[in-house]
file work-v3.cif (mmCIF, C-alpha atoms)
data_work
#
loop_
_atom_site.group_PDB
_atom_site.id
_atom_site.type_symbol
_atom_site.label_atom_id
_atom_site.label_comp_id
_atom_site.auth_asym_id
_atom_site.auth_seq_id
_atom_site.Cartn_x
_atom_site.Cartn_y
_atom_site.Cartn_z
ATOM 1 C CA ARG A 21 17.730 19.214 -3.850
ATOM 2 C CA ASN A 22 17.190 17.526 -7.161
ATOM 3 C CA LYS A 23 17.213 19.892 -10.126
ATOM 4 C CA LEU A 24 13.842 18.530 -11.277
ATOM 5 C CA PHE A 25 11.564 21.332 -10.068
ATOM 6 C CA GLY A 26 13.347 21.230 -6.694
ATOM 7 C CA LEU A 27 10.618 18.948 -5.342
ATOM 8 C CA MET A 28 12.540 15.867 -4.230
ATOM 9 C CA PRO A 29 15.422 15.509 -1.764
ATOM 10 C CA ALA A 30 18.783 14.814 -3.364
ATOM 11 C CA ALA A 31 18.975 11.306 -1.920
ATOM 12 C CA ALA A 32 16.881 9.147 0.357
ATOM 13 C CA PRO A 33 18.538 7.743 3.463
ATOM 14 C CA ALA A 34 20.220 4.416 2.706
ATOM 15 C CA GLY A 35 17.716 1.569 2.880
ATOM 16 C CA LYS A 36 14.730 3.822 3.543
ATOM 17 C CA GLY A 37 12.849 2.687 0.435
ATOM 18 C CA TRP A 38 13.250 -0.973 1.319
ATOM 19 C CA ARG A 39 12.200 -0.293 4.911
ATOM 20 C CA ASP A 40 9.010 1.384 3.664
ATOM 21 C CA LEU A 41 8.262 -1.583 1.375
ATOM 22 C CA ARG A 42 8.856 -4.070 4.207
ATOM 23 C CA ASN A 43 6.989 -2.092 6.864
ATOM 24 C CA GLY A 44 4.053 -1.458 4.535
ATOM 25 C CA ALA A 45 3.681 -5.163 3.727
ATOM 26 C CA VAL A 46 3.910 -6.230 7.384
ATOM 27 C CA LEU A 47 1.525 -3.529 8.656
ATOM 28 C CA GLN A 48 -1.102 -4.196 5.986
ATOM 29 C CA CYS A 49 -0.977 -7.992 6.420
ATOM 30 C CA THR A 50 -1.313 -7.639 10.195
ATOM 31 C CA GLU A 51 -4.248 -5.258 9.722
ATOM 32 C CA ALA A 52 -5.996 -7.657 7.311
ATOM 33 C CA ILE A 53 -5.553 -10.953 9.173
ATOM 34 C CA THR A 54 -6.900 -9.468 12.435
ATOM 35 C CA LEU A 55 -10.066 -7.347 12.098
ATOM 36 C CA GLY A 56 -9.535 -6.198 8.520
ATOM 37 C CA MET A 57 -10.890 -9.350 6.850
ATOM 38 C CA PRO A 58 -14.122 -9.581 8.902
ATOM 39 C CA PHE A 59 -14.925 -5.929 8.153
ATOM 40 C CA GLU A 60 -14.048 -6.486 4.461
ATOM 41 C CA VAL A 61 -16.316 -9.531 4.119
ATOM 42 C CA TRP A 62 -19.143 -7.807 6.003
ATOM 43 C CA LYS A 63 -19.169 -4.620 3.930
ATOM 44 C CA THR A 64 -18.681 -6.563 0.664
ATOM 45 C CA ARG A 65 -21.778 -8.630 1.375
ATOM 46 C CA MET A 66 -23.799 -5.511 2.191
ATOM 47 C CA GLY A 67 -22.587 -3.752 -0.944
ATOM 48 C CA ARG A 68 -23.931 -6.604 -3.086
ATOM 49 C CA PHE A 69 -27.025 -7.706 -1.117
ATOM 50 C CA ARG A 70 -28.427 -4.273 -0.413
ATOM 51 C CA ASP A 71 -31.782 -5.511 0.924
ATOM 52 C CA GLU A 72 -30.043 -6.891 4.035
ATOM 53 C CA THR A 73 -29.653 -4.709 7.090
ATOM 54 C CA THR A 74 -26.282 -4.349 8.816
ATOM 55 C CA LEU A 75 -27.109 -7.000 11.434
ATOM 56 C CA GLN A 76 -28.811 -9.328 8.927
ATOM 57 C CA ALA A 77 -25.676 -9.345 6.790
ATOM 58 C CA LEU A 78 -23.535 -10.096 9.838
ATOM 59 C CA ARG A 79 -25.860 -12.919 10.883
ATOM 60 C CA ASN A 80 -26.090 -14.398 7.364
ATOM 61 C CA ILE A 81 -22.298 -14.599 7.028
ATOM 62 C CA TYR A 82 -22.083 -16.475 10.331
ATOM 63 C CA THR A 83 -25.047 -18.762 9.498
ATOM 64 C CA ALA A 84 -23.569 -19.750 6.135
ATOM 65 C CA ASP A 85 -19.969 -20.418 7.140
ATOM 66 C CA GLY A 86 -19.536 -19.865 10.873
ATOM 67 C CA LEU A 87 -16.667 -17.721 12.133
ATOM 68 C CA GLY A 88 -14.527 -18.894 9.225
ATOM 69 C CA GLY A 89 -16.880 -17.062 6.869
ATOM 70 C CA PHE A 90 -15.456 -13.748 8.068
ATOM 71 C CA TRP A 91 -12.035 -14.760 6.723
ATOM 72 C CA LYS A 92 -13.343 -16.105 3.409
ATOM 73 C CA GLY A 93 -10.900 -15.292 0.628
ATOM 74 C CA TRP A 94 -8.030 -14.723 3.067
ATOM 75 C CA ALA A 95 -5.367 -16.146 0.704
ATOM 76 C CA PRO A 96 -5.785 -13.571 -2.102
ATOM 77 C CA LYS A 97 -6.338 -10.939 0.588
ATOM 78 C CA MET A 98 -2.897 -11.653 2.057
ATOM 79 C CA VAL A 99 -1.298 -11.331 -1.388
ATOM 80 C CA GLU A 100 -3.196 -8.077 -1.898
ATOM 81 C CA SER A 101 -2.305 -6.767 1.557
ATOM 82 C CA ALA A 102 1.412 -7.467 1.233
ATOM 83 C CA SER A 103 1.661 -5.902 -2.218
ATOM 84 C CA LYS A 104 -0.648 -2.931 -1.720
ATOM 85 C CA GLY A 105 0.792 -2.197 1.730
ATOM 86 C CA ALA A 106 4.325 -2.115 0.364
ATOM 87 C CA VAL A 107 3.309 0.019 -2.614
ATOM 88 C CA LEU A 108 1.232 2.397 -0.483
ATOM 89 C CA LEU A 109 3.816 3.111 2.196
ATOM 90 C CA TYR A 110 6.684 3.475 -0.266
ATOM 91 C CA ALA A 111 4.769 5.793 -2.627
ATOM 92 C CA LYS A 112 3.017 7.735 0.141
ATOM 93 C CA GLU A 113 6.136 8.407 2.201
ATOM 94 C CA THR A 114 8.184 9.319 -0.889
ATOM 95 C CA ILE A 115 5.566 11.819 -2.098
ATOM 96 C CA LYS A 116 5.042 13.218 1.394
ATOM 97 C CA ASP A 117 8.772 13.724 1.940
ATOM 98 C CA GLY A 118 9.022 15.463 -1.430
ATOM 99 C CA CYS A 119 6.084 17.759 -0.685
ATOM 100 C CA SER A 120 7.465 18.623 2.742
ATOM 101 C CA SER A 121 10.876 19.436 1.329
ATOM 102 C CA ALA A 122 9.175 21.773 -1.151
ATOM 103 C CA GLY A 123 7.617 23.692 1.751
ATOM 104 C CA MET A 124 4.078 22.339 1.449
ATOM 105 C CA GLY A 125 1.973 22.272 4.641
ATOM 106 C CA ALA A 126 1.454 18.974 6.471
ATOM 107 C CA THR A 127 -2.269 18.635 5.673
ATOM 108 C CA ALA A 128 -1.910 19.422 1.947
ATOM 109 C CA ALA A 129 1.110 17.117 1.699
ATOM 110 C CA GLY A 130 -0.903 14.385 3.448
ATOM 111 C CA PHE A 131 -3.813 14.644 1.007
ATOM 112 C CA LEU A 132 -1.500 14.619 -2.028
ATOM 113 C CA ALA A 133 0.677 11.781 -0.745
ATOM 114 C CA GLY A 134 -2.350 9.676 0.176
ATOM 115 C CA ALA A 135 -3.941 10.172 -3.254
ATOM 116 C CA GLY A 136 -0.721 9.260 -5.056
ATOM 117 C CA GLY A 137 -0.163 6.169 -2.924
ATOM 118 C CA GLY A 138 -3.776 5.073 -3.378
ATOM 119 C CA VAL A 139 -3.637 5.301 -7.174
ATOM 120 C CA CYS A 140 -0.405 3.258 -7.197
ATOM 121 C CA GLN A 141 -2.230 0.492 -5.289
ATOM 122 C CA THR A 142 -4.845 -0.032 -8.014
ATOM 123 C CA VAL A 143 -2.588 -2.191 -10.210
ATOM 124 C CA VAL A 144 -1.992 -4.805 -7.510
ATOM 125 C CA MET A 145 -5.428 -4.568 -5.888
ATOM 126 C CA GLY A 146 -7.650 -5.256 -8.914
ATOM 127 C CA PRO A 147 -7.206 -9.040 -9.178
ATOM 128 C CA CYS A 148 -7.202 -9.660 -5.415
ATOM 129 C CA THR A 149 -10.318 -7.607 -4.627
ATOM 130 C CA PHE A 150 -12.043 -9.346 -7.550
ATOM 131 C CA LEU A 151 -11.295 -12.796 -6.085
ATOM 132 C CA VAL A 152 -12.386 -11.796 -2.562
ATOM 133 C CA THR A 153 -15.640 -10.369 -3.965
ATOM 134 C CA ALA A 154 -16.133 -13.591 -5.966
ATOM 135 C CA VAL A 155 -15.957 -15.913 -2.954
ATOM 136 C CA VAL A 156 -18.047 -13.596 -0.723
ATOM 137 C CA THR A 157 -20.891 -12.991 -3.220
ATOM 138 C CA GLY A 158 -20.650 -16.016 -5.524
ATOM 139 C CA GLY A 159 -22.336 -18.634 -3.348
ATOM 140 C CA GLN A 160 -21.175 -21.894 -1.788
ATOM 141 C CA GLY A 161 -19.733 -23.347 -5.000
ATOM 142 C CA THR A 162 -17.381 -20.461 -5.691
ATOM 143 C CA SER A 163 -13.762 -20.873 -4.599
ATOM 144 C CA VAL A 164 -10.724 -18.709 -5.279
ATOM 145 C CA SER A 165 -9.351 -21.229 -7.792
ATOM 146 C CA THR A 166 -12.625 -21.623 -9.720
ATOM 147 C CA ALA A 167 -13.161 -17.853 -9.881
ATOM 148 C CA ALA A 168 -9.579 -17.288 -11.074
ATOM 149 C CA THR A 169 -9.771 -20.063 -13.675
ATOM 150 C CA LYS A 170 -13.104 -18.804 -15.018
ATOM 151 C CA ALA A 171 -11.896 -15.188 -15.263
ATOM 152 C CA TRP A 172 -8.676 -16.178 -17.040
ATOM 153 C CA ARG A 173 -10.423 -18.561 -19.446
ATOM 154 C CA GLU A 174 -13.089 -16.048 -20.447
ATOM 155 C CA LYS A 175 -11.203 -12.738 -20.591
ATOM 156 C CA GLY A 176 -7.549 -13.314 -19.799
ATOM 157 C CA LEU A 177 -5.750 -10.787 -17.613
ATOM 158 C CA MET A 178 -8.446 -8.132 -18.094
ATOM 159 C CA GLY A 179 -10.954 -10.501 -16.508
ATOM 160 C CA PHE A 180 -9.377 -9.687 -13.137
ATOM 161 C CA TYR A 181 -9.917 -5.931 -13.479
ATOM 162 C CA PRO A 182 -13.675 -5.290 -13.607
ATOM 163 C CA GLY A 183 -14.386 -2.142 -11.599
ATOM 164 C CA GLY A 184 -10.840 -0.868 -12.077
ATOM 165 C CA VAL A 185 -11.997 2.734 -12.477
ATOM 166 C CA ALA A 186 -14.044 2.548 -9.270
ATOM 167 C CA ILE A 187 -11.029 1.056 -7.445
ATOM 168 C CA ALA A 188 -8.796 3.890 -8.646
ATOM 169 C CA PHE A 189 -11.292 6.555 -7.521
ATOM 170 C CA ARG A 190 -11.826 4.764 -4.220
ATOM 171 C CA GLN A 191 -8.131 4.279 -3.439
ATOM 172 C CA ALA A 192 -7.090 7.807 -4.396
ATOM 173 C CA SER A 193 -9.849 9.368 -2.291
ATOM 174 C CA ASN A 194 -9.389 6.734 0.460
ATOM 175 C CA TRP A 195 -5.785 7.451 1.309
ATOM 176 C CA ALA A 196 -5.934 11.145 0.458
ATOM 177 C CA SER A 197 -8.726 11.404 3.038
ATOM 178 C CA ARG A 198 -7.204 9.062 5.633
ATOM 179 C CA GLN A 199 -3.778 10.661 5.525
ATOM 180 C CA GLY A 200 -5.044 14.219 5.032
ATOM 181 C CA PHE A 201 -7.809 14.141 7.648
ATOM 182 C CA THR A 202 -5.545 12.389 10.167
ATOM 183 C CA ASP A 203 -2.800 14.992 9.660
ATOM 184 C CA ALA A 204 -5.386 17.784 10.005
ATOM 185 C CA VAL A 205 -6.745 16.257 13.243
ATOM 186 C CA ARG A 206 -3.178 15.848 14.551
ATOM 187 C CA GLY A 207 -2.603 19.566 13.980
ATOM 188 C CA ARG A 208 -5.782 20.511 15.838
ATOM 189 C CA MET A 209 -4.971 18.036 18.613
ATOM 190 C CA ARG A 210 -1.550 19.639 19.188
ATOM 191 C CA ILE A 211 -3.122 23.060 19.640
ATOM 192 C CA LEU A 212 -6.126 21.935 21.702
ATOM 193 C CA CYS A 213 -4.199 19.621 24.017
ATOM 194 C CA HIS A 214 -0.776 21.266 24.165
ATOM 195 C CA ASN A 215 -1.265 24.793 22.803
ATOM 196 C CA ASP A 216 1.799 24.150 20.626
ATOM 197 C CA PRO A 217 1.583 23.333 16.866
ATOM 198 C CA THR A 218 4.871 21.406 17.077
ATOM 199 C CA ALA A 219 4.100 19.418 20.261
ATOM 200 C CA LYS A 220 4.575 15.651 20.356
ATOM 201 C CA LEU A 221 1.287 13.789 20.723
ATOM 202 C CA SER A 222 0.841 10.917 23.140
ATOM 203 C CA LEU A 223 0.151 7.409 21.806
ATOM 204 C CA GLY A 224 -3.531 7.766 22.740
ATOM 205 C CA GLN A 225 -3.797 11.124 20.956
ATOM 206 C CA GLU A 226 -2.126 9.657 17.860
ATOM 207 C CA ALA A 227 -4.586 6.732 17.905
ATOM 208 C CA LEU A 228 -7.586 9.046 18.371
ATOM 209 C CA SER A 229 -6.412 11.192 15.449
ATOM 210 C CA GLY A 230 -6.197 8.075 13.275
ATOM 211 C CA MET A 231 -9.654 6.885 14.317
ATOM 212 C CA ILE A 232 -11.255 10.250 13.515
ATOM 213 C CA GLY A 233 -9.361 10.464 10.216
ATOM 214 C CA GLY A 234 -10.432 6.938 9.261
ATOM 215 C CA MET A 235 -14.082 7.572 10.080
ATOM 216 C CA LEU A 236 -14.202 10.862 8.151
ATOM 217 C CA SER A 237 -12.728 9.164 5.080
ATOM 218 C CA CYS A 238 -15.905 7.113 4.557
ATOM 219 C CA TRP A 239 -17.487 9.963 2.565
ATOM 220 C CA ASN A 240 -16.393 8.155 -0.624
ATOM 221 C CA HIS A 241 -18.376 4.954 0.057
ATOM 222 C CA PRO A 242 -20.379 5.179 -3.218
ATOM 223 C CA PHE A 243 -17.160 4.278 -5.077
ATOM 224 C CA GLU A 244 -16.947 1.117 -2.968
ATOM 225 C CA VAL A 245 -20.585 0.184 -3.667
ATOM 226 C CA ALA A 246 -19.872 0.617 -7.397
ATOM 227 C CA ARG A 247 -16.695 -1.492 -7.179
ATOM 228 C CA ILE A 248 -18.488 -4.342 -5.401
ATOM 229 C CA GLU A 249 -21.452 -4.285 -7.806
ATOM 230 C CA ILE A 250 -19.281 -4.269 -10.953
ATOM 231 C CA GLN A 251 -17.084 -7.116 -9.699
ATOM 232 C CA ALA A 252 -20.041 -9.162 -8.407
ATOM 233 C CA ARG A 253 -21.827 -8.784 -11.760
ATOM 234 C CA ALA A 254 -18.701 -10.030 -13.534
ATOM 235 C CA VAL A 255 -18.564 -13.083 -11.239
ATOM 236 C CA ALA A 256 -22.260 -13.812 -11.840
ATOM 237 C CA GLY A 257 -21.906 -13.443 -15.625
ATOM 238 C CA GLU A 258 -24.286 -10.467 -15.684
ATOM 239 C CA SER A 259 -24.053 -7.591 -18.171
ATOM 240 C CA TYR A 260 -21.354 -4.974 -17.603
ATOM 241 C CA MET A 261 -22.264 -1.662 -15.989
ATOM 242 C CA SER A 262 -20.002 1.373 -15.766
ATOM 243 C CA MET A 263 -19.449 3.183 -12.481
ATOM 244 C CA LEU A 264 -21.932 5.923 -13.412
ATOM 245 C CA GLN A 265 -24.518 3.343 -14.510
ATOM 246 C CA VAL A 266 -24.192 1.618 -11.131
ATOM 247 C CA PHE A 267 -24.679 4.951 -9.352
ATOM 248 C CA ARG A 268 -27.854 5.630 -11.346
ATOM 249 C CA SER A 269 -29.222 2.104 -10.895
ATOM 250 C CA VAL A 270 -28.585 1.957 -7.127
ATOM 251 C CA TYR A 271 -29.982 5.458 -6.618
ATOM 252 C CA ALA A 272 -33.139 4.603 -8.599
ATOM 253 C CA GLN A 273 -33.766 1.499 -6.465
ATOM 254 C CA TYR A 274 -32.605 2.530 -3.021
ATOM 255 C CA GLY A 275 -32.049 6.286 -3.048
ATOM 256 C CA ILE A 276 -28.984 7.908 -1.483
ATOM 257 C CA ALA A 277 -28.999 5.313 1.322
ATOM 258 C CA GLY A 278 -28.229 2.583 -1.220
ATOM 259 C CA LEU A 279 -24.967 4.280 -2.163
ATOM 260 C CA PHE A 280 -23.890 4.074 1.489
ATOM 261 C CA LYS A 281 -24.944 0.464 2.097
ATOM 262 C CA GLY A 282 -22.264 -1.215 4.180
ATOM 263 C CA VAL A 283 -20.819 2.050 5.460
ATOM 264 C CA ILE A 284 -20.924 0.933 9.119
ATOM 265 C CA PRO A 285 -18.537 -2.043 8.707
ATOM 266 C CA ARG A 286 -16.480 0.141 6.349
ATOM 267 C CA MET A 287 -16.099 2.723 9.112
ATOM 268 C CA GLY A 288 -14.667 -0.031 11.275
ATOM 269 C CA LEU A 289 -12.364 -1.111 8.440
ATOM 270 C CA ASN A 290 -11.219 2.437 7.698
ATOM 271 C CA ILE A 291 -10.460 3.140 11.346
ATOM 272 C CA TRP A 292 -8.527 -0.136 11.638
ATOM 273 C CA GLN A 293 -6.560 0.451 8.425
ATOM 274 C CA THR A 294 -5.787 4.068 9.303
ATOM 275 C CA LEU A 295 -4.457 3.070 12.719
ATOM 276 C CA PHE A 296 -2.022 0.699 11.005
ATOM 277 C CA MET A 297 -1.095 2.499 7.780
ATOM 278 C CA VAL A 298 -1.148 6.155 8.912
ATOM 279 C CA THR A 299 -0.721 6.235 12.696
ATOM 280 C CA GLY A 300 1.404 3.078 12.819
ATOM 281 C CA ALA A 301 3.531 4.150 9.853
ATOM 282 C CA SER A 302 4.126 7.549 11.457
ATOM 283 C CA LEU A 303 5.177 6.013 14.776
ATOM 284 C CA ILE A 304 7.551 3.576 13.060
ATOM 285 C CA LYS A 305 9.084 6.384 11.002
ATOM 286 C CA GLU A 306 9.541 8.474 14.151
ATOM 287 C CA ARG A 307 11.218 5.560 15.957
ATOM 288 C CA LEU A 308 13.586 4.891 13.048
ATOM 289 C CA LEU A 309 14.670 8.525 12.892
ATOM 290 C CA LYS A 310 15.637 8.604 16.575
#
call {"tool": "encode", "arguments": {"input": "work-v3.cif", "output": "structure tokens"}}
result
Amino acid sequence: RNKLFGLMPAAAPAGKGWRDLRNGAVLQCTEAITLGMPFEVWKTRMGRFRDETTLQALRNIYTADGLGGFWKGWAPKMVESASKGAVLLYAKETIKDGCSSAGMGATAAGFLAGAGGGVCQTVVMGPCTFLVTAVVTGGQGTSVSTAATKAWREKGLMGFYPGGVAIAFRQASNWASRQGFTDAVRGRMRILCHNDPTAKLSLGQEALSGMIGGMLSCWNHPFEVARIEIQARAVAGESYMSMLQVFRSVYAQYGIAGLFKGVIPRMGLNIWQTLFMVTGASLIKERLLK
């Protein structure tokens, strides 16, 4: 053990860090280019245009741009996915290994590792989520290049980070919940299905655990509504609102339901991402250790 509080292993296996970076980037890009982008575009539209129902938003995306509209902003999304996936898996697995070596339980280690990995993602996610929000909510004339040029010209680097606080809260609670809930469900699944807390789960049981964990992690959707609203207002040139101001404004207009607008496509996105970045990462790690 390292002398620093005895929390970290003395040395990681050779190449493990690079494998986590590579696997994280590949998993997250695969997740995004398949169903991740359509769910992202769908829930982003609903978070901004809160008078639309779930099906109206889906229909309006298709009417405006056809099937291609569901992959609008895919270029910055791929940059975001590769970078945030690499950062997430590396940070999450490092923290989780450290917590486990310190004797922390699997569920607590999962929550802590997920939160740490999520916060680390914020730096690389800010500009990319801003550009995706810009092309989804900014109308037909808004492209990635025009949104990027406008943001840089008006505010420089900081122009790409509106809603940064909301992103940090969302990402920390996102991956703490996805990893923690999934690990908790895995533990219950081992006892219910095998009557053994150390039993190996089948592929289907692992996938079901990830789906339940992903769905339960949607409790933090108000942070996502705030992130979308702050970024969309920046794109539209509207006055700045803090995260708390957005919460108050949305609640005054739409009640509690407004803070969960777009939660249905986000459930789909969370399930899909959890299957890749929690269940998939666990299966890859298990295979590599064999």
call {"tool": "atom_distance", "arguments": {"input": "work-v3.cif", "atom1": "CA of Arg70 (chain A)", "atom2": "CA of Asn194 (chain A)"}}
result
22.0 Å
call {"tool": "resolve_selection", "arguments": {"input": "work-v3.cif", "expression": "the PyMOL selection byres ((chain A and resi 183) around 7)", "output": "list of chain:residue names"}}
result
A:Tyr181, A:Pro182, A:Gly184, A:Val185, A:Ala186, A:Ile187, A:Arg247, A:Ile250, A:Gln251
call {"tool": "resolve_selection", "arguments": {"input": "work-v3.cif", "expression": "the PyMOL selection byres ((chain A and resi 60) around 12)", "output": "PyMOL selection string"}}
result
chain A and resi 51-59+61-67+78+81+89-94+97+149+152-153+156+244+248+282-290+292-293
call {"tool": "resolve_selection", "arguments": {"input": "work-v3.cif", "expression": "the PyMOL selection byres ((chain A and resi 277) around 12)", "output": "MDAnalysis selection string"}}
result
chainID A and resid 67 70:71 73 241:242 245 267 270:276 278:283
call {"tool": "write_last_selection", "arguments": {"input": "work-v3.cif", "atoms": "C-alpha atoms", "output": "mmCIF file, in the coordinates of the input"}}
result
data_model
loop_
_atom_site.group_PDB
_atom_site.id
_atom_site.type_symbol
_atom_site.label_atom_id
_atom_site.label_comp_id
_atom_site.auth_asym_id
_atom_site.auth_seq_id
_atom_site.Cartn_x
_atom_site.Cartn_y
_atom_site.Cartn_z
ATOM 1 C CA GLY A 67 -22.587 -3.752 -0.944
ATOM 2 C CA ARG A 70 -28.427 -4.273 -0.413
ATOM 3 C CA ASP A 71 -31.782 -5.511 0.924
ATOM 4 C CA THR A 73 -29.653 -4.709 7.090
ATOM 5 C CA HIS A 241 -18.376 4.954 0.057
ATOM 6 C CA PRO A 242 -20.379 5.179 -3.218
ATOM 7 C CA VAL A 245 -20.585 0.184 -3.667
ATOM 8 C CA PHE A 267 -24.679 4.951 -9.352
ATOM 9 C CA VAL A 270 -28.585 1.957 -7.127
ATOM 10 C CA TYR A 271 -29.982 5.458 -6.618
ATOM 11 C CA ALA A 272 -33.139 4.603 -8.599
ATOM 12 C CA GLN A 273 -33.766 1.499 -6.465
ATOM 13 C CA TYR A 274 -32.605 2.530 -3.021
ATOM 14 C CA GLY A 275 -32.049 6.286 -3.048
ATOM 15 C CA ILE A 276 -28.984 7.908 -1.483
ATOM 16 C CA GLY A 278 -28.229 2.583 -1.220
ATOM 17 C CA LEU A 279 -24.967 4.280 -2.163
ATOM 18 C CA PHE A 280 -23.890 4.074 1.489
ATOM 19 C CA LYS A 281 -24.944 0.464 2.097
ATOM 20 C CA GLY A 282 -22.264 -1.215 4.180
ATOM 21 C CA VAL A 283 -20.819 2.050 5.460
#
call {"tool": "atom_distance", "arguments": {"input": "work-v3.cif", "atom1": "CA of Asn240 (chain A)", "atom2": "CA of Leu264 (chain A)"}}
result
14.1 Å
call {"tool": "residues_around", "arguments": {"input": "work-v3.cif", "residues": "Val255 (chain A)", "least_positions_apart": "5", "cutoff": "10 Å", "atoms": "all atoms listed in the file", "output": "VMD selection string"}}
result
chain A and resid 150 to 151 153 to 155 157 to 158 162 167 to 168 170 to 171 179 to 180 182 249 to 250
call {"tool": "closest_atom_pairs", "arguments": {"input": "work-v3.cif", "of": "region 272-302 of chain A", "to": "region 203-223 of chain A", "cutoff": "12 Å", "atoms": "all atoms listed in the file", "output": "Markdown table"}}
result
| residue | atom | partner | partner_atom | distance |
| --- | --- | --- | --- | --- |
| A:Thr294 | CA | A:Asp203 | CA | 11.3 |
| A:Leu295 | CA | A:Leu223 | CA | 11.1 |
| A:Val298 | CA | A:Asp203 | CA | 9.0 |
| A:Thr299 | CA | A:Leu223 | CA | 9.2 |
| A:Gly300 | CA | A:Leu223 | CA | 10.1 |
| A:Ser302 | CA | A:Asp203 | CA | 10.3 |
call {"tool": "atom_distance", "arguments": {"input": "work-v3.cif", "atom1": "CA of Leu109 (chain A)", "atom2": "CA of Ala95 (chain A)"}}
result
21.4 Å
call {"tool": "closest_residue", "arguments": {"input": "work-v3.cif", "among": "A:Ala196, A:Val139, A:Ala84, A:Cys238", "to": "Lys116 (chain A)", "atoms": "all atoms listed in the file"}}
result
A:Ala196
call {"tool": "closest_residue", "arguments": {"input": "work-v3.cif", "among": "A:Phe189, A:Phe131, A:Phe296, A:Phe201", "to": "Ile115 (chain A)", "atoms": "all atoms listed in the file"}}
result
A:Phe131
call {"tool": "closest_residue", "arguments": {"input": "work-v3.cif", "among": "A:Gly37, A:Pro147, A:Ile291, A:Arg198", "to": "Thr127 (chain A)", "atoms": "only C-alpha atoms"}}
result
A:Arg198
call {"tool": "residues_near_point", "arguments": {"input": "work-v3.cif", "point": "(-0.8, 11.5, -0.2)", "cutoff": "10 Å", "atoms": "only C-alpha atoms", "output": "number ranges by chain"}}
result
A: 108-109, 111-116, 119, 127-139, 192-200
call {"tool": "write_last_selection", "arguments": {"input": "work-v3.cif", "atoms": "C-alpha atoms", "output": "short mmCIF file (atom, residue, chain, number, x, y, z; two decimals), keeping the file's coordinate frame"}}
result
data_model
loop_
_atom_site.label_atom_id
_atom_site.label_comp_id
_atom_site.auth_asym_id
_atom_site.auth_seq_id
_atom_site.Cartn_x
_atom_site.Cartn_y
_atom_site.Cartn_z
CA LEU A 108 1.23 2.40 -0.48
CA LEU A 109 3.82 3.11 2.20
CA ALA A 111 4.77 5.79 -2.63
CA LYS A 112 3.02 7.74 0.14
CA GLU A 113 6.14 8.41 2.20
CA THR A 114 8.18 9.32 -0.89
CA ILE A 115 5.57 11.82 -2.10
CA LYS A 116 5.04 13.22 1.39
CA CYS A 119 6.08 17.76 -0.68
CA THR A 127 -2.27 18.64 5.67
CA ALA A 128 -1.91 19.42 1.95
CA ALA A 129 1.11 17.12 1.70
CA GLY A 130 -0.90 14.38 3.45
CA PHE A 131 -3.81 14.64 1.01
CA LEU A 132 -1.50 14.62 -2.03
CA ALA A 133 0.68 11.78 -0.74
CA GLY A 134 -2.35 9.68 0.18
CA ALA A 135 -3.94 10.17 -3.25
CA GLY A 136 -0.72 9.26 -5.06
CA GLY A 137 -0.16 6.17 -2.92
CA GLY A 138 -3.78 5.07 -3.38
CA VAL A 139 -3.64 5.30 -7.17
CA ALA A 192 -7.09 7.81 -4.40
CA SER A 193 -9.85 9.37 -2.29
CA ASN A 194 -9.39 6.73 0.46
CA TRP A 195 -5.78 7.45 1.31
CA ALA A 196 -5.93 11.14 0.46
CA SER A 197 -8.73 11.40 3.04
CA ARG A 198 -7.20 9.06 5.63
CA GLN A 199 -3.78 10.66 5.52
CA GLY A 200 -5.04 14.22 5.03
#
call {"tool": "closest_residue", "arguments": {"input": "work-v3.cif", "among": "A:Ala126, A:Val144, A:Val46, A:Met231", "to": "Pro96 (chain A)", "atoms": "all atoms listed in the file"}}
result
A:Val144
